[in-house]
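Participant: Structure file start-v6.txt, compact mmCIF, C-alpha atoms, is pasted below:
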```txt
# COMPACT_ATOMS: atom_id res chain seq x y z
CA MET J 29 120.30 193.68 168.91
CA ASN J 30 124.02 194.06 168.47
CA VAL J 31 124.98 192.10 165.34
CA LEU J 32 128.46 191.19 164.13
CA LEU J 33 128.87 190.24 160.47
CA VAL J 34 132.09 188.37 159.75
CA TYR J 35 132.54 188.49 155.99
CA ALA J 36 135.02 186.55 153.87
CA HIS J 37 135.20 187.27 150.14
CA PRO J 38 138.09 188.92 148.26
CA GLU J 39 136.02 190.83 145.68
CA PRO J 40 133.72 193.64 146.90
CA ARG J 41 131.94 193.78 143.51
CA SER J 42 130.92 190.12 143.71
CA LEU J 43 127.52 188.65 144.48
CA ASN J 44 128.78 188.18 148.03
CA GLY J 45 129.62 191.86 148.16
CA ALA J 46 126.09 192.78 147.11
CA ILE J 47 124.61 190.41 149.70
CA ARG J 48 126.89 191.87 152.37
CA ASP J 49 125.73 195.41 151.56
CA PHE J 50 122.08 194.36 151.58
CA THR J 51 122.52 192.56 154.91
CA LEU J 52 124.13 195.56 156.59
CA GLU J 53 121.44 197.93 155.30
CA ARG J 54 118.54 195.65 156.25
CA LEU J 55 119.84 195.10 159.77
CA ARG J 56 120.45 198.80 160.34
CA GLN J 57 117.04 199.76 158.97
CA ALA J 58 115.51 197.34 161.47
CA GLY J 59 117.22 199.22 164.31
CA HIS J 60 120.07 196.82 165.01
CA THR J 61 123.57 198.06 165.80
CA VAL J 62 125.98 196.37 163.41
CA GLN J 63 129.73 195.84 163.25
CA LEU J 64 131.48 194.39 160.19
CA SER J 65 134.67 192.35 160.16
CA ASP J 66 135.58 192.29 156.46
CA LEU J 67 138.51 189.88 156.66
CA TYR J 68 140.05 190.48 153.24
CA ALA J 69 139.71 194.26 153.58
CA MET J 70 141.30 194.00 157.04
CA GLN J 71 144.13 191.88 155.57
CA TRP J 72 143.45 189.45 158.37
CA LYS J 73 146.41 187.22 159.28
CA ALA J 74 145.06 183.70 158.83
CA THR J 75 147.92 181.70 160.34
CA LEU J 76 147.95 180.86 164.03
CA ASP J 77 151.59 181.08 165.12
CA ALA J 78 153.93 182.07 167.93
CA ALA J 79 153.53 185.78 167.18
CA ASP J 80 149.97 185.64 168.55
CA ASN J 81 151.43 185.35 172.06
CA LEU J 82 153.30 188.58 172.76
CA ASP J 83 155.27 186.83 175.52
CA HIS J 84 156.56 184.01 173.34
CA GLN J 85 160.33 183.82 173.53
CA ALA J 86 162.33 183.56 170.31
CA GLY J 87 163.55 180.02 169.81
CA ALA J 88 161.18 178.52 172.38
CA ARG J 89 158.97 175.61 171.35
CA PHE J 90 155.57 176.82 170.15
CA ASP J 91 152.56 175.01 171.61
CA PRO J 92 149.39 176.38 169.97
CA SER J 93 147.08 175.59 172.89
CA LEU J 94 149.39 176.52 175.76
CA ASP J 95 150.64 179.69 174.08
CA SER J 96 147.05 180.66 173.37
CA ARG J 97 146.04 180.07 176.99
CA HIS J 98 148.96 182.10 178.35
CA ALA J 99 148.30 185.00 176.01
CA PHE J 100 144.56 185.08 176.79
CA GLU J 101 144.94 184.74 180.56
CA HIS J 102 147.64 187.41 180.82
CA GLY J 103 146.25 189.90 178.32
CA ARG J 104 149.16 189.26 175.96
CA GLN J 105 147.32 188.37 172.77
CA SER J 106 148.03 190.29 169.59
CA GLU J 107 145.60 193.19 169.36
CA ASP J 108 143.79 191.94 166.26
CA ILE J 109 142.74 188.80 168.15
CA ALA J 110 141.64 190.74 171.23
CA ALA J 111 139.62 193.17 169.11
CA GLU J 112 137.63 190.36 167.47
CA GLN J 113 136.99 188.75 170.87
CA ARG J 114 135.59 192.06 172.12
CA LYS J 115 133.24 192.12 169.13
CA LEU J 116 132.04 188.59 169.90
CA LEU J 117 131.37 189.49 173.53
CA TRP J 118 129.53 192.64 172.42
CA ALA J 119 127.33 190.88 169.87
CA ASP J 120 123.92 189.37 170.55
CA ALA J 121 124.03 187.68 167.16
CA VAL J 122 126.87 186.75 164.80
CA ILE J 123 126.55 186.12 161.07
CA LEU J 124 129.31 184.39 159.14
CA GLN J 125 129.07 185.08 155.39
CA PHE J 126 131.25 183.25 152.90
CA PRO J 127 131.36 181.30 149.62
CA LEU J 128 131.59 177.55 150.00
CA TRP J 129 135.06 176.74 148.68
CA TRP J 130 136.08 173.09 148.57
CA PHE J 131 133.20 172.12 150.85
CA SER J 132 134.18 174.51 153.62
CA MET J 133 134.83 178.15 154.48
CA PRO J 134 137.67 180.15 152.86
CA ALA J 135 141.03 179.77 154.58
CA ILE J 136 141.01 183.35 155.83
CA LEU J 137 137.79 182.71 157.78
CA LYS J 138 139.08 179.41 159.17
CA GLY J 139 142.15 181.34 160.30
CA TRP J 140 139.91 183.89 162.01
CA VAL J 141 138.31 181.05 163.97
CA GLU J 142 141.63 179.43 164.86
CA ARG J 143 143.14 182.64 166.18
CA VAL J 144 140.11 184.32 167.80
CA TYR J 145 138.84 181.15 169.49
CA ALA J 146 141.61 181.22 172.07
CA TYR J 147 142.13 178.68 174.86
CA GLY J 148 140.16 180.01 177.81
CA PHE J 149 137.89 182.06 175.56
CA ALA J 150 136.13 179.60 173.24
CA TYR J 151 137.54 176.31 174.50
CA GLY J 152 139.16 174.91 177.62
CA VAL J 153 136.51 176.50 179.86
CA GLY J 154 134.51 174.93 182.70
CA GLU J 155 135.07 172.00 185.02
CA HIS J 156 135.88 168.47 183.90
CA SER J 157 134.35 165.84 186.18
CA ASP J 158 132.20 162.71 186.18
CA ALA J 159 129.16 164.93 185.62
CA ARG J 160 130.47 167.56 183.20
CA TRP J 161 133.10 167.75 180.50
CA GLY J 162 133.74 171.44 180.30
CA ASP J 163 131.36 174.21 179.25
CA ARG J 164 130.82 173.43 175.58
CA TYR J 165 128.21 172.19 173.07
CA GLY J 166 125.40 174.42 174.25
CA GLU J 167 127.33 176.09 177.05
CA GLY J 168 130.42 178.27 177.19
CA THR J 169 131.59 181.83 176.73
CA LEU J 170 129.21 182.56 173.86
CA ALA J 171 126.10 180.89 175.30
CA GLY J 172 122.91 182.90 174.90
CA LYS J 173 124.05 184.47 171.64
CA ARG J 174 122.69 183.55 168.21
CA ALA J 175 124.63 182.66 165.07
CA MET J 176 123.71 182.15 161.42
CA LEU J 177 125.53 181.35 158.20
CA ILE J 178 124.98 183.08 154.87
CA VAL J 179 126.57 180.81 152.28
CA THR J 180 126.86 181.06 148.50
CA ALA J 181 127.24 177.92 146.44
CA GLY J 182 128.18 177.45 142.83
CA GLY J 183 126.43 174.09 142.51
CA TRP J 184 122.78 173.30 142.01
CA GLU J 185 120.55 172.82 145.04
CA SER J 186 119.92 169.24 143.94
CA HIS J 187 123.67 168.55 144.14
CA TYR J 188 123.40 169.15 147.88
CA SER J 189 120.13 167.36 148.50
CA PRO J 190 119.97 164.23 150.72
CA ARG J 191 120.85 162.01 147.72
CA GLY J 192 122.88 164.60 145.81
CA ILE J 193 126.41 163.88 144.62
CA ASN J 194 128.02 166.44 146.97
CA GLY J 195 126.20 165.21 150.05
CA PRO J 196 123.45 166.90 152.08
CA ILE J 197 124.05 170.54 152.91
CA ASP J 198 123.21 169.82 156.55
CA ASP J 199 126.12 167.37 156.69
CA ILE J 200 128.53 169.65 154.83
CA LEU J 201 127.84 172.53 157.20
CA PHE J 202 127.69 170.37 160.35
CA PRO J 203 131.37 170.93 161.28
CA ILE J 204 130.74 174.68 161.19
CA HIS J 205 127.31 174.65 162.80
CA HIS J 206 128.06 172.13 165.53
CA GLY J 207 131.83 172.32 165.90
CA ILE J 208 132.57 176.03 165.41
CA LEU J 209 129.34 177.72 166.50
CA TYR J 210 127.52 175.38 168.90
CA TYR J 211 130.74 174.25 170.64
CA PRO J 212 131.38 177.62 172.37
CA GLY J 213 127.69 178.06 173.14
CA PHE J 214 125.91 179.80 170.25
CA ASP J 215 122.28 179.04 169.48
CA VAL J 216 122.70 178.13 165.80
CA LEU J 217 120.00 179.15 163.33
CA PRO J 218 119.36 177.34 160.04
CA PRO J 219 121.60 178.75 157.29
CA TYR J 220 120.60 180.85 154.30
CA VAL J 221 122.16 179.33 151.18
CA VAL J 222 122.26 180.75 147.64
CA TYR J 223 122.77 178.14 144.89
CA ARG J 224 123.96 178.38 141.28
CA THR J 225 125.60 181.70 141.98
CA GLY J 226 126.87 181.99 138.41
CA ARG J 227 123.26 182.23 137.23
CA VAL J 228 122.07 185.00 139.53
CA ASP J 229 120.55 187.82 137.46
CA ALA J 230 118.78 191.00 138.57
CA ALA J 231 115.40 189.28 138.92
CA ARG J 232 116.81 186.46 141.02
CA PHE J 233 118.71 188.91 143.20
CA VAL J 234 115.39 190.53 144.06
CA THR J 235 114.19 187.11 145.24
CA ILE J 236 117.37 186.65 147.28
CA GLN J 237 116.82 190.03 148.91
CA ASP J 238 113.24 189.11 149.79
CA GLU J 239 114.16 185.69 151.23
CA LEU J 240 117.23 186.87 153.10
CA GLY J 241 115.44 189.98 154.30
CA GLN J 242 112.79 187.83 155.95
CA ARG J 243 115.48 185.71 157.60
CA LEU J 244 117.23 188.82 158.91
CA ASP J 245 113.95 190.25 160.18
CA ARG J 246 113.50 187.06 162.23
CA LEU J 247 117.08 186.91 163.47
CA GLY J 248 115.97 187.21 167.08
CA THR J 249 112.99 184.83 166.88
CA THR J 250 113.86 181.96 164.51
CA PRO J 251 114.06 178.67 166.45
CA PRO J 252 117.65 177.38 166.50
CA ILE J 253 118.73 173.95 165.29
CA PRO J 254 117.96 171.73 168.32
CA PHE J 255 121.43 170.30 168.86
CA ARG J 256 121.74 168.15 171.96
CA ARG J 257 123.49 169.72 174.94
CA GLN J 258 126.62 167.89 175.97
CA ASN J 259 125.92 168.18 179.69
CA GLY J 260 122.15 167.82 179.42
CA GLY J 261 122.01 164.07 180.03
CA ASP J 262 121.93 162.80 176.44
CA TYR J 263 125.60 161.77 176.49
CA ALA J 264 127.55 159.45 178.74
CA ILE J 265 130.42 161.26 180.45
CA PRO J 266 133.37 161.04 180.08
CA GLN J 267 132.91 158.81 176.99
CA LEU J 268 130.73 161.51 175.36
CA THR J 269 128.75 158.97 173.37
CA LEU J 270 125.02 159.29 172.81
CA ARG J 271 122.84 157.19 175.11
CA ASP J 272 121.81 153.89 173.54
CA ASP J 273 118.10 154.67 173.90
CA LEU J 274 118.37 157.86 171.84
CA ALA J 275 118.14 157.41 168.05
CA PRO J 276 118.75 153.67 168.51
CA GLY J 277 120.62 151.98 165.68
CA ARG J 278 121.42 155.28 164.01
CA THR J 279 124.75 156.97 163.45
CA GLY J 280 126.01 160.10 161.72
CA PHE J 281 125.65 163.80 162.26
CA GLY J 282 121.85 163.72 162.48
CA VAL J 283 121.76 161.86 165.79
CA HIS J 284 123.10 164.97 167.51
CA VAL J 285 119.93 166.89 166.64
CA ALA J 286 117.28 166.28 169.30
CA GLY J 287 113.92 164.85 168.33
CA VAL J 288 114.45 164.77 164.58
CA HIS J 289 115.86 161.26 164.24
CA GLU J 290 114.39 159.45 167.22
CA ALA J 291 111.83 157.28 165.48
CA ARG J 292 111.75 158.03 161.77
CA PRO J 293 114.17 158.23 158.82
CA ARG J 294 115.99 161.40 158.03
CA THR J 295 113.82 163.89 156.17
CA ALA J 296 114.96 165.85 153.17
CA SER J 297 116.68 169.11 154.01
CA ALA J 298 114.89 172.26 152.99
CA LEU J 299 118.23 173.89 152.28
CA GLY J 300 121.25 173.25 150.06
CA ALA J 301 124.96 174.36 149.40
CA ASP J 302 127.95 174.70 147.01
CA ALA J 303 131.07 173.36 145.48
CA VAL J 304 134.45 174.71 144.61
CA ALA J 305 134.86 178.40 143.90
CA ALA J 306 131.67 180.46 144.17
CA PRO J 307 131.41 184.13 143.21
```
Turn the structure described in the file into structure tokens.
Facilitator:
Amino acid sequence: MNVLLVYAHPEPRSLNGAIRDFTLERLRQAGHTVQLSDLYAMQWKATLDAADNLDHQAGARFDPSLDSRHAFEHGRQSEDIAAEQRKLLWADAVILQFPLWWFSMPAILKGWVERVYAYGFAYGVGEHSDARWGDRYGEGTLAGKRAMLIVTAGGWESHYSPRGINGPIDDILFPIHHGILYYPGFDVLPPYVVYRTGRVDAARFVTIQDELGQRLDRLGTTPPIPFRRQNGGDYAIPQLTLRDDLAPGRTGFGVHVAGVHEARPRTASALGADAVAAP
């Protein structure tokens, strides 16, 4: 497979740096072709602004969506954006690797999403009608490709358990899994999360290599999270609310995962996450 690793950590000698190097080596040894977007090393511009549209006129009002659409449709995006879009189109699988900072991805990675996910590329595609509401949530430009998160977390796994103080890891990562990856069409795999990063010694790193190595070896075969397709009949259109007969009486992120919450309480997640600044 063609695999794109989008990596966001400022220190190459960190635990994240070691995991990045292991991931690249393991994928290449397995015969995959790999590209790396190391955002800090690239000095990636995180802010979406008028300069991203090469046709934007000085002094004109900047409209993020409309400027993005014009630039994408007319081939007038800044080259760094266009280059990352080419990588996404090339890839069969995309891995986002980052430390969980303040319950989300680092700002530089969020800026990569905001700029690369242009109008007409990752959103604003497909027809809007009484039967469909655009090509998204299971459809879209990136449909048929796989995506996975590698996340490091400073907190304990129990802190991110279903009753943990930080909230379940599935809920914390839902905006990324469902909103950033599934929205433009990716099949989203369960994440690989490393906890208590400040306590990782040589012996534990061997365990991480073994666990992550197995996940990477199954990158093409692991069943994705069964998110519901927007246009598959589970949602009323154009209201885009879940049908009353699906997960009746339930609310929250979990109802958008097919089959899991139809007739029984939410089960404990097998995975966990992080807190503020992780190594």
Participant: What is the distance between CA of Pro196 in chain J and CA of Val122 in chain J, in Å to one decimal?
Facilitator: 23.8 Å
Participant: Determine the nearest neighbour of Glu155 in chain J from the options J:Asn259, J:Val216, J:Val141, J:Thr249, counting all atoms listed in the file.
Facilitator: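 Looking at the shortest contact to Glu155 in chain J, the residue is J:Asn259.
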Participant: Rounded to one decimal place, report the CA of Lys115 in chain J-CA of Asp238 in chain J distance in Å.
Facilitator: 28.0 Å
Participant: Using Å and a single decimal, report how far CA of Tyr223 in chain J sits from CA of Val34 in chain J.
Facilitator: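 These two atoms are separated by 20.3 Å.
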Participant: If we count all atoms listed in the file, what is near Arg243 in chain J at a cut-off of 12 Å, once residues fewer than 5 positions away on the same chain are taken out, given as a ChimeraX atom specification?
Facilitator: /J:51,54-55,123,176-178,217-221,236-238,248-251
Participant: Counting only C-alpha atoms, figure out which residue out of J:Ala78, J:Leu128, J:Leu52, J:Ala146 gets nearest to Arg97 in chain J.
Facilitator: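 Checking each candidate against Arg97 in chain J, we get J:Ala146 as the closest.
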Participant: Counting only C-alpha atoms, figure out which residue out of J:Val222, J:Ala74, J:Ile200, J:Ala171 gets nearest to Gly183 in chain J.
Facilitator: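 With only C-alpha atoms as the atom set, the closest residue is J:Val222.
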Participant: Using all atoms listed in the file, can you tell me which of J:Arg41, J:Arg256, J:Arg143, J:His187 comes closest to Glu107 in chain J?
Facilitator: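 Distance minimum relative to Glu107 in chain J lands on J:Arg143.
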Participant: Using only C-alpha atoms, determine which residues lie at most 12 Å from Pro92 in chain J, disregarding the query and same-chain residues fewer than 6 positions distant; provide the list as a list of chain:residue names.
Facilitator: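 The filter keeps J:Thr75, J:Leu76, J:Asp77, J:Ala78, J:Ala79, J:Asp80, J:Asn81, J:His84, J:His98, J:Ala99, J:Glu142, J:Arg143, J:Tyr145, J:Ala146, J:Tyr147.
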Participant: Using only C-alpha atoms, find all polymer residues with an atom at most 9 Å away from the point (134.3, 186.2, 156.3); report them as a VMD selection string.
Facilitator: chain J and resid 33 to 37 65 to 68 124 to 127 133 to 134 136 to 138 140
Participant: Excluding range 56-60 of chain J and its own-chain neighbours fewer than 4 positions away, which residues fall within 7 Å of it when counting only C-alpha atoms? Please give them as an mmCIF file with C-alpha atoms, in the frame of the given file.
Facilitator:
```cif
data_model
loop_
_atom_site.group_PDB
_atom_site.id
_atom_site.type_symbol
_atom_site.label_atom_id
_atom_site.label_comp_id
_atom_site.auth_asym_id
_atom_site.auth_seq_id
_atom_site.Cartn_x
_atom_site.Cartn_y
_atom_site.Cartn_z
ATOM 1 C CA MET J 29 120.300 193.680 168.910
ATOM 2 C CA ASN J 30 124.020 194.060 168.470
ATOM 3 C CA VAL J 31 124.980 192.100 165.340
ATOM 4 C CA LEU J 52 124.130 195.560 156.590
#
```
Participant: With distances taken over all atoms listed in the file, which residue among J:Leu201, J:Ala275, J:Ala111, J:Ala230 lies nearest Ala46 in chain J?
Facilitator: J:Ala230
Participant: Pick from J:Gly87, J:Ile109, J:Phe50, J:Pro38: nearest to Ala69 in chain J, with all atoms listed in the file counted?
Facilitator: J:Pro38
Participant: Up to 12 Å from (123.6, 184.4, 140.2) in the file's coordinates: name the residues, counting all atoms listed in the file, as a list in words.
Facilitator: Ser42, Leu43, Asn44, Ala46, Ile47, Thr180, Ala181, Gly182, Gly183, Trp184, Val222, Tyr223, Arg224, Thr225, Gly226, Arg227, Val228, Asp229, Ala230, Ala231, Arg232, Phe233, Val234, Thr235, Ile236, Ala306 and Pro307 of chain J
